[in-house]
Amino acid sequence: MAFVDQLEAFKSERLAPLLGAGRTSLASDAPGDATQLLQIALANEINVSELAAAWMPTTRELDVKLAFARQAGDEAGHFQLVSDRLAALGFDIAGFTPTDSPLFQYLRGLTATVERIAAGLFTLESIAYGVNENFMALCERRGDLETVRIYREYIQPDEAAHHQLGQRLLARYAVTPELQQAARDTVAGLLEIAGAARASAAARLGTACFPGC
Ligand SMILES: [Fe+2]
Ligand SMILES: [Fe+2]
């Protein structure tokens with residue numbers, strides 16, 4: 001099996017409990033209003049945008065540098081879409097302040113190109129895509145079809161494209177056993193931190209069904 005396919009299977013296995021928790025909350029009609037949950041998405045979009053922007057000038061490989069630049073722009077677009085939706089729902093966006101987290105502190109500490117691709121594009125974007133699907137199901141059930149539309153038409157196609165970009169770049173750069181091991185370790189490390197972060201957010205919110213990563 002090709003390395004990227006192996007890594008995809010490795011990631012899916014570790015991602016499954018995280019996505020399963022969201023589905024359990026969804027099935028049990030857990031609380032959480034759209035305004036509160038969309039603010040989590042907002043914080044996430046700005047953090048991913050900043051992360052990709054920070055990585056751009058310090059990544060030597062041109063195709064990877066451009067992937068981060070594109071990601072930074074796309075995530076800024078997602079921030080705008082979510083913030084417009086929040087404004088339409090009556091939330092005053094002036095009151096929003098981005099928050100940092102151990103997840104993004106870990107990500108900012110990654111310096112190797114293969115680790116950055118494995119974390120920022122390949123894994124983070126898979127988490128985002130999966131948890132957003134659960135969140136869209138929640139919005140659909142509550143009749144918030146406009147939020148569903150924004151995710152389906154704009155945000156999810158971008159997150160899927162970012163993940164595919166991660167797959168292609170890993171196939172190109174993770175070409176030695178050492179680099180492949182580094183990629184695997186990064187995927188495992190990030191999923192562990194993300195799983196813990198989402199579990200503590202779920203305890204605080206009373207639901208594991210929320211967007212972002
Ligand atoms: Fe995004
Ligand atoms: Fe993305």
# chains A, B, ... in the order shown; residues from 1 in each chain; ligands from 1
>>> residues_around(residues="A:Thr113", least_positions_apart="5", cutoff="9 Å", atoms="only C-alpha atoms", output="list in words")
Thr59, Arg60, Glu61, Val64, Ala118 and Tyr173 of chain A
>>> write_last_selection(atoms="C-alpha atoms", output="PDB file, in the first residue's frame")
ATOM      1  CA  THR A  59       8.766  27.040   4.483  1.00  0.00           C
ATOM      2  CA  ARG A  60      11.416  26.657   1.821  1.00  0.00           C
ATOM      3  CA  GLU A  61       9.626  24.343  -0.675  1.00  0.00           C
ATOM      4  CA  VAL A  64       4.230  23.923   0.128  1.00  0.00           C
ATOM      5  CA  ALA A 118       1.027  16.200   8.076  1.00  0.00           C
ATOM      6  CA  TYR A 173       7.962  14.972   0.392  1.00  0.00           C
TER       7      TYR A 173
END
>>> residues_near_ligand(ligand="ligand 2", cutoff="7 Å", atoms="only C-alpha atoms and all ligand atoms", output="compact mmCIF listing (two decimals) with C-alpha atoms, in the first residue's frame")
# COMPACT_ATOMS: atom_id res chain seq x y z
CA GLN A 71 -4.91 27.99 3.04
CA ASP A 74 -9.27 30.46 2.34
CA GLU A 75 -9.52 30.32 6.14
CA GLU A 125 -8.34 19.61 7.76
CA ASP A 158 -12.25 24.24 0.69
CA GLU A 159 -11.48 22.02 3.71
CA HIS A 162 -6.84 21.53 1.76
>>> select_by_dssp(residues="stretch 14-132 of chain A", states="helix (DSSP H, G or I)", output="PyMOL selection string")
chain A and resi 14-27+34-55+62-88+93-95+102-108+113-132
>>> write_last_selection(atoms="C-alpha atoms", output="JSON list (two decimals), in the first residue's frame")
[["chain", "number", "residue", "atom", "x", "y", "z"],
["A", 14, "ARG", "CA", -7.63, 7.65, 15.50],
["A", 15, "LEU", "CA", -10.14, 10.19, 14.26],
["A", 16, "ALA", "CA", -13.12, 7.81, 14.62],
["A", 17, "PRO", "CA", -13.72, 8.24, 18.40],
["A", 18, "LEU", "CA", -13.56, 12.01, 18.06],
["A", 19, "LEU", "CA", -16.21, 12.01, 15.32],
["A", 20, "GLY", "CA", -18.21, 9.33, 17.13],
["A", 21, "ALA", "CA", -18.48, 11.59, 20.21],
["A", 22, "GLY", "CA", -20.05, 14.29, 18.04],
["A", 23, "ARG", "CA", -22.56, 11.84, 16.59],
["A", 24, "THR", "CA", -23.49, 10.62, 20.08],
["A", 25, "SER", "CA", -24.23, 14.21, 21.16],
["A", 26, "LEU", "CA", -26.21, 14.72, 17.97],
["A", 27, "ALA", "CA", -28.29, 11.59, 18.58],
["A", 34, "ALA", "CA", -25.86, 28.13, 16.95],
["A", 35, "THR", "CA", -24.40, 31.45, 18.10],
["A", 36, "GLN", "CA", -22.27, 29.76, 20.74],
["A", 37, "LEU", "CA", -21.12, 26.95, 18.43],
["A", 38, "LEU", "CA", -20.36, 29.26, 15.51],
["A", 39, "GLN", "CA", -18.05, 31.30, 17.76],
["A", 40, "ILE", "CA", -15.92, 28.16, 18.15],
["A", 41, "ALA", "CA", -15.77, 27.92, 14.36],
["A", 42, "LEU", "CA", -14.80, 31.59, 14.18],
["A", 43, "ALA", "CA", -11.90, 31.14, 16.62],
["A", 44, "ASN", "CA", -10.75, 28.09, 14.73],
["A", 45, "GLU", "CA", -10.82, 29.71, 11.28],
["A", 46, "ILE", "CA", -8.73, 32.68, 12.42],
["A", 47, "ASN", "CA", -6.25, 30.44, 14.24],
["A", 48, "VAL", "CA", -5.75, 28.19, 11.19],
["A", 49, "SER", "CA", -5.40, 31.24, 8.95],
["A", 50, "GLU", "CA", -2.73, 32.72, 11.22],
["A", 51, "LEU", "CA", -0.91, 29.42, 11.51],
["A", 52, "ALA", "CA", -0.71, 28.93, 7.74],
["A", 53, "ALA", "CA", 0.33, 32.56, 7.30],
["A", 54, "ALA", "CA", 3.11, 32.14, 9.89],
["A", 55, "TRP", "CA", 4.38, 28.99, 8.18],
["A", 62, "LEU", "CA", 7.71, 26.59, -3.10],
["A", 63, "ASP", "CA", 4.68, 24.35, -3.63],
["A", 64, "VAL", "CA", 4.23, 23.92, 0.13],
["A", 65, "LYS", "CA", 4.75, 27.65, 0.73],
["A", 66, "LEU", "CA", 1.99, 28.39, -1.79],
["A", 67, "ALA", "CA", -0.29, 25.76, -0.23],
["A", 68, "PHE", "CA", 0.00, 27.56, 3.12],
["A", 69, "ALA", "CA", -0.61, 30.93, 1.46],
["A", 70, "ARG", "CA", -3.74, 29.60, -0.21],
["A", 71, "GLN", "CA", -4.91, 27.99, 3.04],
["A", 72, "ALA", "CA", -4.37, 31.25, 4.96],
["A", 73, "GLY", "CA", -6.53, 33.13, 2.44],
["A", 74, "ASP", "CA", -9.27, 30.46, 2.34],
["A", 75, "GLU", "CA", -9.52, 30.32, 6.14],
["A", 76, "ALA", "CA", -9.77, 34.11, 6.26],
["A", 77, "GLY", "CA", -12.69, 33.76, 3.83],
["A", 78, "HIS", "CA", -14.29, 31.19, 6.14],
["A", 79, "PHE", "CA", -13.87, 33.58, 9.06],
["A", 80, "GLN", "CA", -15.73, 36.23, 7.07],
["A", 81, "LEU", "CA", -18.57, 33.84, 6.12],
["A", 82, "VAL", "CA", -19.04, 32.61, 9.70],
["A", 83, "SER", "CA", -18.84, 36.11, 11.12],
["A", 84, "ASP", "CA", -21.48, 37.35, 8.62],
["A", 85, "ARG", "CA", -23.71, 34.45, 9.65],
["A", 86, "LEU", "CA", -23.20, 35.26, 13.33],
["A", 87, "ALA", "CA", -24.08, 38.90, 12.67],
["A", 88, "ALA", "CA", -27.28, 37.78, 10.90],
["A", 93, "ILE", "CA", -18.85, 40.49, 16.25],
["A", 94, "ALA", "CA", -17.09, 43.44, 17.92],
["A", 95, "GLY", "CA", -17.27, 41.41, 21.13],
["A", 102, "PRO", "CA", -2.43, 24.20, 23.45],
["A", 103, "LEU", "CA", -3.38, 22.75, 20.05],
["A", 104, "PHE", "CA", -2.20, 25.83, 18.16],
["A", 105, "GLN", "CA", 0.82, 26.22, 20.43],
["A", 106, "TYR", "CA", 1.84, 22.69, 19.43],
["A", 107, "LEU", "CA", 1.23, 23.43, 15.76],
["A", 108, "ARG", "CA", 3.24, 26.66, 15.80],
["A", 113, "THR", "CA", 8.01, 20.79, 6.26],
["A", 114, "VAL", "CA", 6.74, 17.20, 6.37],
["A", 115, "GLU", "CA", 5.45, 17.70, 9.92],
["A", 116, "ARG", "CA", 3.70, 20.92, 8.91],
["A", 117, "ILE", "CA", 1.98, 19.23, 5.96],
["A", 118, "ALA", "CA", 1.03, 16.20, 8.08],
["A", 119, "ALA", "CA", -0.41, 18.41, 10.82],
["A", 120, "GLY", "CA", -1.83, 21.54, 9.21],
["A", 121, "LEU", "CA", -3.18, 20.20, 5.94],
["A", 122, "PHE", "CA", -3.51, 16.44, 6.23],
["A", 123, "THR", "CA", -4.82, 16.02, 9.81],
["A", 124, "LEU", "CA", -6.30, 19.34, 10.94],
["A", 125, "GLU", "CA", -8.34, 19.61, 7.76],
["A", 126, "SER", "CA", -9.69, 16.05, 8.17],
["A", 127, "ILE", "CA", -10.77, 16.87, 11.71],
["A", 128, "ALA", "CA", -12.41, 20.08, 10.49],
["A", 129, "TYR", "CA", -14.22, 18.34, 7.64],
["A", 130, "GLY", "CA", -15.53, 15.55, 9.89],
["A", 131, "VAL", "CA", -16.69, 17.70, 12.81],
["A", 132, "ASN", "CA", -18.26, 20.20, 10.40]]
>>> atom_distance(atom1="atom CA of A:Thr147", atom2="atom CA of A:Ser12")
26.3 Å
>>> atom_distance(atom1="atom CA of A:Gly32", atom2="atom CA of A:Thr207")
6.6 Å
>>> atom_distance(atom1="atom CA of A:Ala199", atom2="atom CA of A:Asp100")
16.7 Å
>>> residues_around(residues="A:Arg142", least_positions_apart="5", cutoff="10 Å", atoms="only C-alpha atoms", output="list of chain:residue names")
A:Asp33, A:Ala34, A:Met136, A:Ala137
>>> write_last_selection(atoms="C-alpha atoms", output="PDB file, in the first residue's frame")
ATOM      1  CA  ASP A  33     -27.042  27.149  20.416  1.00  0.00           C
ATOM      2  CA  ALA A  34     -25.860  28.128  16.946  1.00  0.00           C
ATOM      3  CA  MET A 136     -24.223  20.611   9.699  1.00  0.00           C
ATOM      4  CA  ALA A 137     -26.449  17.659  10.648  1.00  0.00           C
TER       5      ALA A 137
END
>>> closest_residue(among="A:Ala112, A:Cys139, A:Leu89, A:Ile155", to="ligand 1", atoms="only C-alpha atoms and all ligand atoms")
A:Ile155
>>> closest_residue(among="A:Leu205, A:Ala196, A:Leu170, A:Ile150", to="ligand 1", atoms="only C-alpha atoms and all ligand atoms")
A:Ile150
